[in-house]
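Dumped input.cif below, it's mmCIF, C-alpha atoms and all ligand atoms:
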```
data_upload
loop_
_atom_site.label_atom_id
_atom_site.label_comp_id
_atom_site.auth_asym_id
_atom_site.auth_seq_id
_atom_site.Cartn_x
_atom_site.Cartn_y
_atom_site.Cartn_z
CA MET A 1 0.00 0.00 0.00
CA LYS A 2 1.37 3.43 -0.91
CA ALA A 3 2.13 5.78 1.96
CA VAL A 4 1.22 9.43 2.23
CA LEU A 5 2.41 11.83 4.92
CA LEU A 6 -0.10 14.56 5.74
CA ILE A 7 1.40 17.65 7.39
CA GLU A 8 -1.39 19.94 8.57
CA ASP A 9 -1.58 22.06 11.72
CA ASP A 10 -5.37 22.56 11.62
CA ASP A 11 -6.75 20.01 14.14
CA ALA A 12 -10.21 20.09 12.53
CA LEU A 13 -9.00 19.69 8.96
CA ARG A 14 -6.29 17.07 9.51
CA PRO A 15 -8.62 14.11 10.33
CA LEU A 16 -10.94 15.01 7.44
CA ILE A 17 -8.16 14.96 4.84
CA ALA A 18 -6.66 11.84 6.44
CA ALA A 19 -10.00 10.05 6.19
CA LEU A 20 -10.34 11.04 2.55
CA LEU A 21 -6.88 9.68 1.77
CA GLU A 22 -7.59 6.42 3.61
CA GLN A 23 -10.82 5.98 1.65
CA ASN A 24 -8.74 6.17 -1.50
CA GLY A 25 -6.46 3.37 -0.42
CA TRP A 26 -3.57 5.29 1.10
CA ASN A 27 -1.67 4.38 4.22
CA VAL A 28 -1.72 7.74 6.05
CA LEU A 29 0.84 9.20 8.44
CA THR A 30 0.10 12.56 10.02
CA ALA A 31 2.20 15.39 11.44
CA GLN A 32 0.99 18.52 13.25
CA ASP A 33 3.70 20.90 12.12
CA GLY A 34 6.51 21.22 9.61
CA GLU A 35 9.30 20.09 11.92
CA GLU A 36 7.52 16.90 12.88
CA GLY A 37 6.66 16.42 9.20
CA ILE A 38 10.29 16.61 8.07
CA ASN A 39 11.33 14.12 10.76
CA LEU A 40 8.57 11.66 9.81
CA ALA A 41 9.38 12.03 6.11
CA ARG A 42 13.03 11.17 6.73
CA MET A 43 12.09 8.23 8.95
CA HIS A 44 9.32 6.66 6.83
CA LYS A 45 10.13 7.83 3.26
CA PRO A 46 6.50 8.20 2.11
CA ASP A 47 5.60 8.13 -1.59
CA VAL A 48 3.74 11.42 -1.30
CA VAL A 49 3.74 14.34 1.14
CA VAL A 50 0.62 16.49 1.37
CA CYS A 51 1.69 19.65 3.14
CA ASP A 52 0.00 22.81 4.34
CA LEU A 53 1.75 26.09 3.48
CA LEU A 54 1.22 28.24 6.57
CA MET A 55 2.21 26.41 9.74
CA PRO A 56 4.01 27.41 12.92
CA ARG A 57 7.69 26.49 13.44
CA CYS A 58 8.35 25.50 9.84
CA ASN A 59 6.31 26.57 6.81
CA GLY A 60 5.52 24.56 3.70
CA PHE A 61 8.29 26.14 1.58
CA GLN A 62 10.82 25.09 4.22
CA VAL A 63 9.37 21.57 4.29
CA CYS A 64 9.71 21.35 0.49
CA ARG A 65 13.31 22.52 0.56
CA ALA A 66 14.22 20.14 3.40
CA ILE A 67 12.68 17.20 1.53
CA ARG A 68 14.39 18.11 -1.73
CA ALA A 69 17.73 18.41 0.08
CA THR A 70 17.40 14.82 1.39
CA PRO A 71 18.79 12.34 -1.19
CA ASP A 72 16.57 9.46 0.06
CA LEU A 73 13.45 11.53 -0.62
CA ARG A 74 14.30 12.36 -4.23
CA GLU A 75 11.34 10.37 -5.58
CA THR A 76 8.85 11.69 -3.04
CA LYS A 77 6.07 13.76 -4.57
CA ILE A 78 4.84 16.85 -2.76
CA VAL A 79 1.36 18.37 -2.91
CA MET A 80 1.17 21.79 -1.26
CA ILE A 81 -2.22 22.91 0.04
CA SER A 82 -2.89 26.49 1.03
CA GLY A 83 -5.70 28.85 1.88
CA ARG A 84 -3.95 31.46 -0.25
CA GLY A 85 -4.53 31.56 -3.97
CA TYR A 86 -1.78 34.08 -4.83
CA SER A 87 0.05 33.07 -7.98
CA THR A 88 3.41 34.05 -6.43
CA ASP A 89 2.81 31.53 -3.61
CA LYS A 90 2.14 28.83 -6.16
CA LEU A 91 5.24 29.69 -8.21
CA ASN A 92 7.40 29.82 -5.08
CA ALA A 93 6.05 26.41 -4.04
CA LEU A 94 6.86 24.91 -7.45
CA GLU A 95 10.32 26.46 -7.32
CA ALA A 96 10.85 25.06 -3.82
CA GLY A 97 10.18 21.61 -5.28
CA ALA A 98 6.43 21.03 -4.87
CA ASP A 99 4.82 19.03 -7.67
CA GLU A 100 1.27 20.30 -7.24
CA TYR A 101 -0.39 23.24 -5.48
CA LEU A 102 -4.04 23.13 -4.40
CA VAL A 103 -6.04 26.00 -2.92
CA LYS A 104 -8.22 25.36 0.15
CA PRO A 105 -10.94 24.42 0.61
CA VAL A 106 -9.47 21.41 -1.16
CA GLN A 107 -12.06 19.47 -3.10
CA ALA A 108 -11.90 15.70 -2.68
CA HIS A 109 -11.89 15.28 -6.45
CA ASP A 110 -8.93 17.68 -6.94
CA LEU A 111 -6.81 15.96 -4.30
CA ARG A 112 -7.59 12.52 -5.74
CA GLU A 113 -6.68 13.76 -9.23
CA ALA A 114 -3.43 15.34 -8.05
CA LEU A 115 -2.35 12.13 -6.33
CA ARG A 116 -3.37 10.01 -9.30
CA LYS A 117 -1.40 12.20 -11.69
CA LEU A 118 1.70 12.22 -9.52
CA THR A 119 1.76 8.52 -8.83
CA VAL A 120 0.69 7.29 -12.28
CA GLU A 121 2.53 9.72 -14.53
CA GLY A 122 5.47 10.21 -12.18
CA PHE A 123 6.27 13.89 -12.43
CA LEU A 124 9.92 14.80 -12.11
CA THR A 125 10.61 16.50 -8.85
CA GLY A 126 12.69 19.61 -8.38
CA ILE A 127 15.77 19.30 -6.23
CA ARG A 128 17.40 22.60 -5.53
CA PRO A 129 20.77 23.41 -4.08
CA PRO A 130 20.76 25.99 -1.31
CA VAL A 131 20.57 29.51 -2.68
CA PRO A 132 22.96 31.87 -0.93
CA ALA A 133 21.70 35.23 0.25
CA PRO A 134 22.24 37.91 -2.40
CA ALA A 135 25.49 39.78 -1.94
CA ALA A 136 25.21 43.37 -0.79
CA ALA A 137 25.91 45.85 -3.56
CA GLY A 138 29.00 47.90 -2.88
CA ASP A 139 30.64 50.65 -4.91
CA GLY A 140 32.06 49.33 -8.16
CA ASP A 141 30.29 45.98 -8.01
CA VAL A 142 29.40 44.46 -11.36
CA ARG A 143 25.65 44.21 -11.92
CA VAL A 144 23.54 42.23 -14.36
CA LYS A 145 19.87 43.13 -14.79
CA PHE A 146 17.26 41.38 -16.91
CA TRP A 147 14.90 43.58 -18.96
CA GLY A 148 13.65 41.03 -21.51
CA VAL A 149 13.90 37.25 -21.12
CA ARG A 150 11.54 35.88 -23.77
CA GLY A 151 12.43 34.37 -27.14
CA SER A 152 10.78 34.61 -30.55
CA ILE A 153 8.09 37.21 -29.87
CA ALA A 154 6.96 39.36 -26.97
CA SER A 155 4.25 37.63 -24.94
CA PRO A 156 2.71 39.96 -22.35
CA GLY A 157 -0.41 38.90 -20.47
CA PRO A 158 -1.68 37.47 -17.20
CA ALA A 159 0.06 34.12 -17.77
CA THR A 160 3.55 35.67 -18.07
CA VAL A 161 3.44 38.33 -15.36
CA PHE A 162 6.02 36.69 -13.10
CA TYR A 163 8.84 36.00 -15.59
CA GLY A 164 7.83 38.74 -18.03
CA GLY A 165 6.89 38.93 -21.70
CA ASN A 166 9.57 41.21 -23.23
CA THR A 167 12.16 39.79 -25.62
CA SER A 168 15.93 39.55 -25.16
CA CYS A 169 17.66 42.43 -23.37
CA VAL A 170 20.15 42.35 -20.47
CA GLU A 171 21.94 45.31 -18.90
CA VAL A 172 25.47 44.96 -17.51
CA ARG A 173 27.14 47.69 -15.42
CA ALA A 174 30.82 46.86 -15.18
CA ASP A 175 34.04 48.81 -14.68
CA GLY A 176 32.50 52.17 -15.56
CA GLU A 177 30.64 50.88 -18.63
CA ILE A 178 26.96 50.48 -19.44
CA ILE A 179 26.79 47.45 -21.71
CA VAL A 180 23.46 46.35 -23.15
CA LEU A 181 23.16 42.82 -24.50
CA ASP A 182 20.60 42.66 -27.34
CA ALA A 183 17.81 45.08 -28.21
CA GLY A 184 14.63 43.02 -27.96
CA THR A 185 11.51 44.72 -26.61
CA GLY A 186 13.06 44.74 -23.11
CA ILE A 187 15.32 47.61 -24.23
CA ARG A 188 12.30 49.96 -24.19
CA PRO A 189 11.78 49.89 -20.39
CA LEU A 190 15.59 49.89 -19.95
CA GLY A 191 15.79 53.11 -22.01
CA LEU A 192 13.07 54.77 -19.93
CA SER A 193 14.83 53.74 -16.73
CA LEU A 194 18.23 55.08 -17.93
CA ALA A 195 16.62 58.38 -18.96
CA ARG A 196 15.12 58.72 -15.46
CA GLU A 197 18.36 57.78 -13.72
CA PHE A 198 20.61 60.11 -15.73
CA ASN A 199 18.00 62.87 -15.84
CA GLY A 200 19.48 64.87 -18.73
CA HIS A 201 23.15 64.03 -18.08
CA PRO A 202 24.93 62.51 -21.08
CA LEU A 203 24.82 58.73 -21.42
CA ASN A 204 27.46 56.55 -23.00
CA ILE A 205 26.08 53.13 -23.90
CA THR A 206 27.52 50.13 -25.74
CA LEU A 207 24.98 47.77 -27.29
CA LEU A 208 26.23 44.29 -28.21
CA LEU A 209 23.97 42.44 -30.65
CA THR A 210 24.16 38.65 -30.85
CA HIS A 211 22.25 38.60 -34.17
CA THR A 212 19.48 40.45 -35.95
CA HIS A 213 16.46 38.19 -35.57
CA TRP A 214 13.49 40.33 -34.61
CA ASP A 215 13.37 39.25 -30.98
CA HIS A 216 16.88 40.72 -30.56
CA ILE A 217 16.57 44.09 -32.35
CA GLN A 218 12.90 45.03 -32.46
CA GLY A 219 12.97 47.23 -29.37
CA PHE A 220 15.74 49.51 -30.64
CA PRO A 221 13.46 52.05 -32.42
CA PHE A 222 11.81 52.59 -29.00
CA PHE A 223 15.09 53.11 -27.09
CA VAL A 224 14.62 56.61 -25.69
CA PRO A 225 18.36 57.41 -25.13
CA ALA A 226 18.87 57.16 -28.92
CA TYR A 227 16.67 60.26 -29.28
CA ASN A 228 18.83 62.54 -27.08
CA PRO A 229 21.67 64.38 -28.92
CA LYS A 230 23.74 64.39 -25.70
CA ASN A 231 23.91 60.60 -25.70
CA THR A 232 26.30 58.24 -27.45
CA VAL A 233 25.13 54.76 -28.42
CA ARG A 234 27.73 52.47 -29.93
CA ILE A 235 26.23 49.35 -31.56
CA LEU A 236 28.56 46.38 -32.05
CA GLY A 237 27.80 43.13 -33.83
CA TYR A 238 28.63 40.97 -36.83
CA GLU A 239 27.71 41.09 -40.49
CA GLY A 240 24.66 38.98 -41.28
CA ALA A 241 24.08 36.37 -43.95
CA ARG A 242 22.79 38.76 -46.64
CA GLN A 243 23.84 42.29 -45.75
CA GLY A 244 25.78 44.37 -43.28
CA LEU A 245 24.65 45.15 -39.76
CA ALA A 246 23.89 48.82 -40.51
CA ALA A 247 21.68 47.92 -43.47
CA THR A 248 19.72 45.31 -41.49
CA LEU A 249 19.15 47.65 -38.54
CA GLY A 250 18.24 50.51 -40.90
CA THR A 251 15.71 48.39 -42.79
CA GLN A 252 13.47 47.82 -39.77
CA MET A 253 13.20 51.61 -39.39
CA GLU A 254 12.43 52.36 -43.04
CA SER A 255 9.28 54.21 -43.95
CA PRO A 256 6.81 51.33 -44.39
CA TYR A 257 7.69 49.99 -40.94
CA PHE A 258 8.54 52.98 -38.75
CA PRO A 259 8.12 56.77 -38.82
CA VAL A 260 11.73 57.68 -37.88
CA GLY A 261 14.68 56.49 -39.95
CA MET A 262 17.87 55.20 -38.32
CA LYS A 263 19.87 58.15 -39.71
CA GLU A 264 17.34 60.64 -38.36
CA LEU A 265 17.83 59.57 -34.74
CA PRO A 266 19.15 62.61 -32.84
CA GLY A 267 21.54 60.61 -30.61
CA ASN A 268 25.14 59.93 -31.62
CA ILE A 269 24.69 56.41 -32.96
CA THR A 270 27.57 54.44 -34.43
CA ILE A 271 27.33 50.93 -35.85
CA GLU A 272 30.56 48.97 -35.83
CA GLU A 273 30.80 45.58 -37.46
CA GLN A 274 33.33 43.40 -35.69
CA ARG A 275 35.81 41.36 -37.70
CA ASP A 276 37.67 39.72 -34.85
CA MET A 277 36.28 37.47 -32.13
CA GLU A 278 37.81 39.52 -29.34
CA PHE A 279 37.61 43.25 -28.59
CA THR A 280 37.29 45.59 -25.63
CA VAL A 281 34.61 47.89 -24.25
CA GLY A 282 36.59 50.22 -21.97
CA LYS A 283 38.29 47.94 -19.46
CA VAL A 284 35.99 45.01 -20.22
CA ARG A 285 37.48 42.40 -22.55
CA VAL A 286 34.83 40.76 -24.75
CA GLU A 287 35.14 37.39 -26.45
CA ALA A 288 32.64 36.26 -29.09
CA MET A 289 31.87 32.81 -30.43
CA PHE A 290 29.71 31.75 -33.38
CA VAL A 291 26.95 29.49 -32.11
CA ASN A 292 24.58 26.97 -33.71
CA HIS A 293 21.59 29.04 -34.81
CA PRO A 294 20.19 29.89 -38.28
CA GLY A 295 22.09 32.77 -39.92
CA ILE A 296 25.00 34.52 -38.24
CA CYS A 297 24.69 34.48 -34.46
CA VAL A 298 27.26 34.86 -31.69
CA GLY A 299 27.46 34.47 -27.93
CA TYR A 300 29.49 36.91 -25.83
CA ARG A 301 31.72 36.49 -22.81
CA LEU A 302 32.43 39.65 -20.83
CA HIS A 303 35.56 39.54 -18.66
CA THR A 304 34.90 42.04 -15.89
CA SER A 305 36.91 42.89 -12.79
CA SER A 306 34.44 40.76 -10.75
CA GLY A 307 34.32 37.71 -12.99
CA SER A 308 32.86 36.56 -16.30
CA ILE A 309 29.36 36.94 -17.70
CA VAL A 310 28.43 34.75 -20.67
CA PHE A 311 25.40 35.59 -22.82
CA ILE A 312 24.19 33.02 -25.37
CA PRO A 313 20.50 33.76 -25.95
CA ASP A 314 20.06 31.51 -29.00
CA ASN A 315 21.86 28.21 -29.49
CA GLU A 316 21.08 24.59 -30.33
CA PRO A 317 23.58 22.09 -28.94
CA PHE A 318 25.04 20.08 -31.81
CA HIS A 319 25.00 16.64 -30.28
CA ARG A 320 21.29 16.30 -29.61
CA MET A 321 20.53 17.77 -33.03
CA ARG A 322 22.81 15.35 -34.88
CA SER A 323 21.95 12.28 -32.86
CA LYS A 324 18.30 12.12 -33.89
CA PRO A 325 17.35 8.61 -35.05
CA GLY A 326 18.02 7.87 -38.72
CA SER A 327 20.27 10.83 -39.44
CA SER A 328 23.40 10.13 -37.48
CA ASP A 329 26.71 8.80 -38.67
CA ALA A 330 29.90 8.42 -36.69
CA ARG A 331 31.71 11.39 -38.28
CA ALA A 332 28.76 13.71 -37.80
CA LEU A 333 28.54 12.72 -34.14
CA GLU A 334 32.26 13.25 -33.66
CA TYR A 335 32.01 16.71 -35.23
CA ALA A 336 29.03 17.51 -32.98
CA ALA A 337 30.96 16.42 -29.88
CA GLN A 338 33.89 18.66 -30.88
CA GLN A 339 31.65 21.68 -31.39
CA ASP A 340 29.88 21.16 -28.07
CA ALA A 341 33.27 20.79 -26.36
CA LYS A 342 34.23 24.22 -27.73
CA LEU A 343 31.13 25.67 -26.12
CA VAL A 344 32.04 24.07 -22.78
CA GLU A 345 35.43 25.81 -22.98
CA PHE A 346 33.81 29.13 -23.92
CA VAL A 347 31.61 29.10 -20.80
CA ARG A 348 34.22 27.41 -18.54
CA ASP A 349 34.09 28.70 -14.91
CA ALA A 350 31.82 31.63 -15.80
CA ASN A 351 30.32 33.44 -12.81
CA VAL A 352 27.08 33.97 -14.72
CA LEU A 353 25.79 32.02 -17.73
CA ILE A 354 22.64 33.31 -19.44
CA ILE A 355 21.64 30.81 -22.09
CA ASP A 356 18.90 29.61 -24.45
CA SER A 357 16.75 27.00 -22.64
CA GLN A 358 13.62 27.33 -24.73
CA TYR A 359 12.29 23.77 -24.75
CA ASP A 360 11.81 20.84 -22.47
CA ARG A 361 12.98 17.45 -23.75
CA ALA A 362 9.64 16.38 -25.20
CA GLU A 363 9.12 19.70 -27.00
CA TYR A 364 12.62 19.63 -28.41
CA GLU A 365 11.84 16.42 -30.29
CA SER A 366 9.42 18.32 -32.51
CA HIS A 367 11.75 21.35 -32.84
CA VAL A 368 15.00 19.73 -33.95
CA GLY A 369 16.87 22.17 -36.18
CA TRP A 370 14.99 25.27 -35.01
CA GLY A 371 18.15 26.66 -33.41
CA HIS A 372 17.17 26.41 -29.74
CA ALA A 373 18.19 24.27 -26.79
CA CYS A 374 16.49 21.85 -24.48
CA VAL A 375 16.80 22.60 -20.78
CA ASP A 376 18.39 19.23 -19.96
CA ASP A 377 21.42 19.98 -22.16
CA VAL A 378 21.85 23.45 -20.69
CA ALA A 379 21.85 22.14 -17.10
CA ASP A 380 24.41 19.51 -18.11
CA LEU A 381 26.60 22.08 -19.92
CA ALA A 382 26.64 24.46 -16.95
CA THR A 383 27.67 21.68 -14.56
CA ARG A 384 30.35 20.26 -16.86
CA ALA A 385 31.82 23.73 -17.39
CA GLY A 386 31.93 24.63 -13.68
CA VAL A 387 29.57 27.61 -14.09
CA LYS A 388 28.63 29.29 -10.81
CA GLN A 389 25.19 30.72 -11.67
CA LEU A 390 23.01 29.52 -14.54
CA PHE A 391 20.06 31.57 -15.81
CA LEU A 392 17.57 29.84 -18.12
CA PHE A 393 16.76 32.34 -20.87
CA HIS A 394 14.87 32.87 -24.14
CA HIS A 395 11.68 31.41 -22.65
CA ASP A 396 9.21 30.12 -25.21
CA PRO A 397 6.35 32.59 -25.81
CA THR A 398 3.80 29.81 -25.23
CA HIS A 399 5.23 28.93 -21.81
CA ASP A 400 3.30 30.41 -18.91
CA ASP A 401 4.83 31.17 -15.51
CA GLU A 402 3.89 27.77 -14.12
CA ARG A 403 5.52 25.93 -17.01
CA ILE A 404 8.78 27.87 -16.61
CA SER A 405 8.80 27.19 -12.84
CA ARG A 406 8.46 23.47 -13.54
CA MET A 407 11.28 23.61 -16.11
CA LEU A 408 13.41 25.39 -13.53
CA ALA A 409 12.72 22.66 -10.95
CA HIS A 410 13.64 20.05 -13.59
CA ALA A 411 16.93 21.83 -14.41
CA ARG A 412 17.76 21.90 -10.70
CA SER A 413 17.08 18.18 -10.39
CA ILE A 414 19.48 17.45 -13.27
CA VAL A 415 22.18 19.61 -11.73
CA ALA A 416 21.69 17.91 -8.35
CA GLU A 417 22.26 14.47 -9.90
CA GLN A 418 25.75 15.37 -11.12
CA ASP A 419 28.73 14.37 -9.06
CA LYS A 420 30.32 17.82 -9.42
CA PRO A 421 30.03 21.25 -7.78
CA GLN A 422 26.53 22.45 -8.56
CA PRO A 423 25.73 25.78 -10.17
CA ILE A 424 22.92 27.85 -8.69
CA VAL A 425 20.10 27.61 -11.24
CA GLU A 426 17.49 30.31 -11.80
CA ALA A 427 15.07 31.19 -14.57
CA ALA A 428 15.73 34.70 -15.84
CA ARG A 429 12.88 37.08 -15.10
CA GLU A 430 12.30 40.74 -15.82
CA GLY A 431 13.63 43.00 -13.07
CA LEU A 432 15.92 40.35 -11.56
CA GLU A 433 19.31 41.83 -10.70
CA VAL A 434 22.49 39.88 -9.99
CA VAL A 435 25.47 41.43 -8.24
CA LEU A 436 28.99 40.10 -8.75
CA ALA A 437 30.82 41.39 -5.72
CA LYS A 438 34.51 42.25 -5.97
CA CYS A 439 36.68 39.27 -5.02
ZN ZN B 1 15.91 34.63 -30.37
ZN ZN B 2 17.44 33.96 -33.37
#
```
Taking this structure as input, can you express it in the form of structure tokens?
Ligand SMILES: [Zn+2]
Ligand SMILES: [Zn+2]
Amino acid sequence: MKAVLLIEDDDALRPLIAALLEQNGWNVLTAQDGEEGINLARMHKPDVVVCDLLMPRCNGFQVCRAIRATPDLRETKIVMISGRGYSTDKLNALEAGADEYLVKPVQAHDLREALRKLTVEGFLTGIRPPVPAPAAAGDGDVRVKFWGVRGSIASPGPATVFYGGNTSCVEVRADGEIIVLDAGTGIRPLGLSLAREFNGHPLNITLLLTHTHWDHIQGFPFFVPAYNPKNTVRILGYEGARQGLAATLGTQMESPYFPVGMKELPGNITIEEQRDMEFTVGKVRVEAMFVNHPGICVGYRLHTSSGSIVFIPDNEPFHRMRSKPGSSDARALEYAAQQDAKLVEFVRDANVLIIDSQYDRAEYESHVGWGHACVDDVADLATRAGVKQLFLFHHDPTHDDERISRMLAHARSIVAEQDKPQPIVEAAREGLEVVLAKC
């Protein structure tokens, strides 16, 4: 008989839920608070834990984290139940490693369904390493801030409020420089924020473009600092497959598409095509690498005084692409392994890796050759390369907040299985800021 541990501090509710579970064939253990629950879980290793969120001594999030940190309880499924229906509570519970989240009053049918789904279909559980407290920001610290985290097309709406719907844009403040990575729609709120912060003082910005697919350039015509003649915006990137960078960027602002032409922008805008794979922005050394994505596309590695930041928003690992059934031969697989090894070296020991993790494994099977990665490969890459912090990026526009939280929990479980130092894994979300403190 399968065992369930019910952790519920409400003396009236606990026997009712226990009776319901027993009626459905479960062997039920009960605990009155989180601490007792964790002890019983470690002692009896139940198949499922049904846990209340708000309890004295130890809340449901803590219970989830404690269970996920116990190797023997890796297969245990967790159903969180709570009187609170806030979506942030649900997302935090999923991130902490819960498999399901039900809002009280819990209907008998919903609980039965949740348990059936978890035990029959066997959801993967999320195992997370401890997340250290964020470092305090001191003078001269290097900062990374996410303004757009989505791939393909902007996807605002109630289902994407938590992670955000804007496309690729990341701001880096390092060694006296303002470096912007990509100009997806996230660059619009970044521009407004910079204009507020500098309040009329001249701005000097370097924009690094990975490639010119729409989700990486479409926000630029709405970048307010480009409209101020006091400001300097230097755009760096690589020539595309058909025409130069300046021509491609200018085309999206031509008359049929936009009312202001690129050359009419009042700011001091320069567009510099790079020929070499290494250059500098002030004191920051930048390395570039061509990645596996349709057209010309690069990833960047910024070497700052507080460590390295790697940005690879679009990339499809070679090996999984080439090893699909029926299309693989030994030489192709060897070539794929070599190319993937180069990527491991490019991201080796990075403090921050921001990388394409658009699909889960099942989705990837129907998107082979689309130029994007599956989250399993990204988690594996980050661990093999000794990355310290991994940020899943370029979220699929059809993925809602719940789906991304589940993918994050899955990535953490993969990282936790590896017999190597584990990177901290997060899903990039708009407004999230990371500080790299001086060593
Ligand atoms: Zn993209
Ligand atoms: Zn692309």
Atom CA of Ala159 of chain A to atom CA of Ile404 of chain A: how many Å, to one decimal?
->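 One can read the atom CA of Ala159 of chain A to atom CA of Ile404 of chain A distance as 10.8 Å.
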Counting only C-alpha atoms, the residue of A:Cys58, A:Val144, A:Val260, A:Arg384 that sits nearest Val310 of chain A | A:Val144
Tell me, in Å to one decimal, how far atom CA of Val298 of chain A is from atom CA of Ile269 of chain A.
->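 Spanning atom CA of Val298 of chain A to atom CA of Ile269 of chain A is a straight-line distance of 21.7 Å.
Among A:Arg301, A:Arg285, A:His319, A:His213, the residue with the shortest atom-to-atom distance to ligand ZN 1 (chain B), counting all atoms listed in the file, is A:His213.
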For the interface of chain A with ligand ZN 1 (chain B) (cut-off 12 Å, counting only C-alpha atoms and all ligand atoms), please tabulate each contacting residue of chain A alongside its nearest pair of atoms and their separation in Å to one decimal, rows sorted by chain and increasing number, as a tab-separated table.
```
residue	atom	partner	partner_atom	distance
A:Gly148	CA	B:ZN1	ZN	11.2
A:Val149	CA	B:ZN1	ZN	9.8
A:Arg150	CA	B:ZN1	ZN	8.0
A:Gly151	CA	B:ZN1	ZN	4.8
A:Ser152	CA	B:ZN1	ZN	5.1
A:Ile153	CA	B:ZN1	ZN	8.2
A:Ala154	CA	B:ZN1	ZN	10.7
A:Asn166	CA	B:ZN1	ZN	11.6
A:Thr167	CA	B:ZN1	ZN	8.0
A:Ser168	CA	B:ZN1	ZN	7.2
A:Cys169	CA	B:ZN1	ZN	10.6
A:Asp182	CA	B:ZN1	ZN	9.8
A:Ala183	CA	B:ZN1	ZN	10.8
A:Gly184	CA	B:ZN1	ZN	8.8
A:Thr185	CA	B:ZN1	ZN	11.6
A:Leu209	CA	B:ZN1	ZN	11.2
A:Thr210	CA	B:ZN1	ZN	9.2
A:His211	CA	B:ZN1	ZN	8.4
A:Thr212	CA	B:ZN1	ZN	8.8
A:His213	CA	B:ZN1	ZN	6.3
A:Trp214	CA	B:ZN1	ZN	7.5
A:Asp215	CA	B:ZN1	ZN	5.3
A:His216	CA	B:ZN1	ZN	6.2
A:Ile217	CA	B:ZN1	ZN	9.7
A:Gln218	CA	B:ZN1	ZN	11.0
A:His293	CA	B:ZN1	ZN	9.1
A:Pro294	CA	B:ZN1	ZN	10.2
A:Gly295	CA	B:ZN1	ZN	11.5
A:Cys297	CA	B:ZN1	ZN	9.7
A:Val298	CA	B:ZN1	ZN	11.4
A:Gly299	CA	B:ZN1	ZN	11.8
A:Ile312	CA	B:ZN1	ZN	9.8
A:Pro313	CA	B:ZN1	ZN	6.4
A:Asp314	CA	B:ZN1	ZN	5.4
A:Asn315	CA	B:ZN1	ZN	8.8
A:Glu316	CA	B:ZN1	ZN	11.3
A:Ile355	CA	B:ZN1	ZN	10.8
A:Asp356	CA	B:ZN1	ZN	8.3
A:Ser357	CA	B:ZN1	ZN	10.9
A:Gln358	CA	B:ZN1	ZN	9.5
A:Trp370	CA	B:ZN1	ZN	10.5
A:Gly371	CA	B:ZN1	ZN	8.8
A:His372	CA	B:ZN1	ZN	8.3
A:Ala373	CA	B:ZN1	ZN	11.2
A:Phe393	CA	B:ZN1	ZN	9.8
A:His394	CA	B:ZN1	ZN	6.6
A:His395	CA	B:ZN1	ZN	9.4
A:Asp396	CA	B:ZN1	ZN	9.6
A:Pro397	CA	B:ZN1	ZN	10.8
```
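If all atoms listed in the file are the atoms counted, then among A:Met289, A:Ala69, A:Val387, A:Ile271 the closest residue to Gly307 of chain A is A:Val387.
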Work out how far atom CA of Asn39 of chain A is from atom CA of Arg65 of chain A, in Å to one decimal.
->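 Answer for the atom CA of Arg65 of chain A to atom CA of Asn39 of chain A separation: 13.4 Å.
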Which is closer to Ala98 of chain A than all the others in A:Leu53, A:Leu203, A:Leu333, A:Leu21, using all atoms listed in the file?
-> A:Leu53
Can you tell me, as a list of chain:residue names, what residues are no more than 7 Å from Ala427 of chain A when counting only C-alpha atoms, ignoring any on the same chain fewer than 5 positions away?
-> A:Phe391, A:Leu392, A:Phe393, A:Leu408
Fewer than 3 positions away in the same chain doesn't count, so skip those; otherwise give me all residues within 10 Å of Thr248 of chain A, counting only C-alpha atoms, as a PyMOL selection string.
-> chain A and resi 212-213+217+239-240+242-245+251-253
Nearby residues (only C-alpha atoms) at most 10 Å from Glu35 of chain A, same-chain spacing under 6 positions excluded, as a ChimeraX atom specification = /A:7,41,55-59,62-63,66
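Considering all atoms listed in the file, the residue among A:Val49, A:Ile296, A:Val172, A:Ile235 positioned nearest to ligand ZN 2 (chain B) is A:Ile296.
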Nearest residue to ligand ZN 2 (chain B) from the set A:Glu334, A:Leu343, A:Glu272, A:Asn292 (distances using only C-alpha atoms and all ligand atoms) =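 Of all the options, A:Asn292 lies closest to ligand ZN 2 (chain B).
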May I have the protein, DNA and RNA residues with any atom at most 9 Å from the point (21.2, 18.0, -28.2), counting only C-alpha atoms, written as a PyMOL selection string?
-> chain A and resi 316-324+364+368+373-374+376-377
If I wrap all listed atoms of segment 201-207 of chain A in a box with edges along x, y and z and add 3 Å on each side, what are its centre and edge lengths in Å to one decimal, as JSON?
```
{"center_x": 25.3, "center_y": 55.9, "center_z": -22.7, "size_x": 10.4, "size_y": 22.3, "size_z": 15.2}
```
List as a ChimeraX atom specification: which residues have an atom within 10 Å of (25.4, 30.5, -14.1), counting all atoms listed in the file?
-> /A:308-310,347,349-355,379,382-383,385-392,422-426
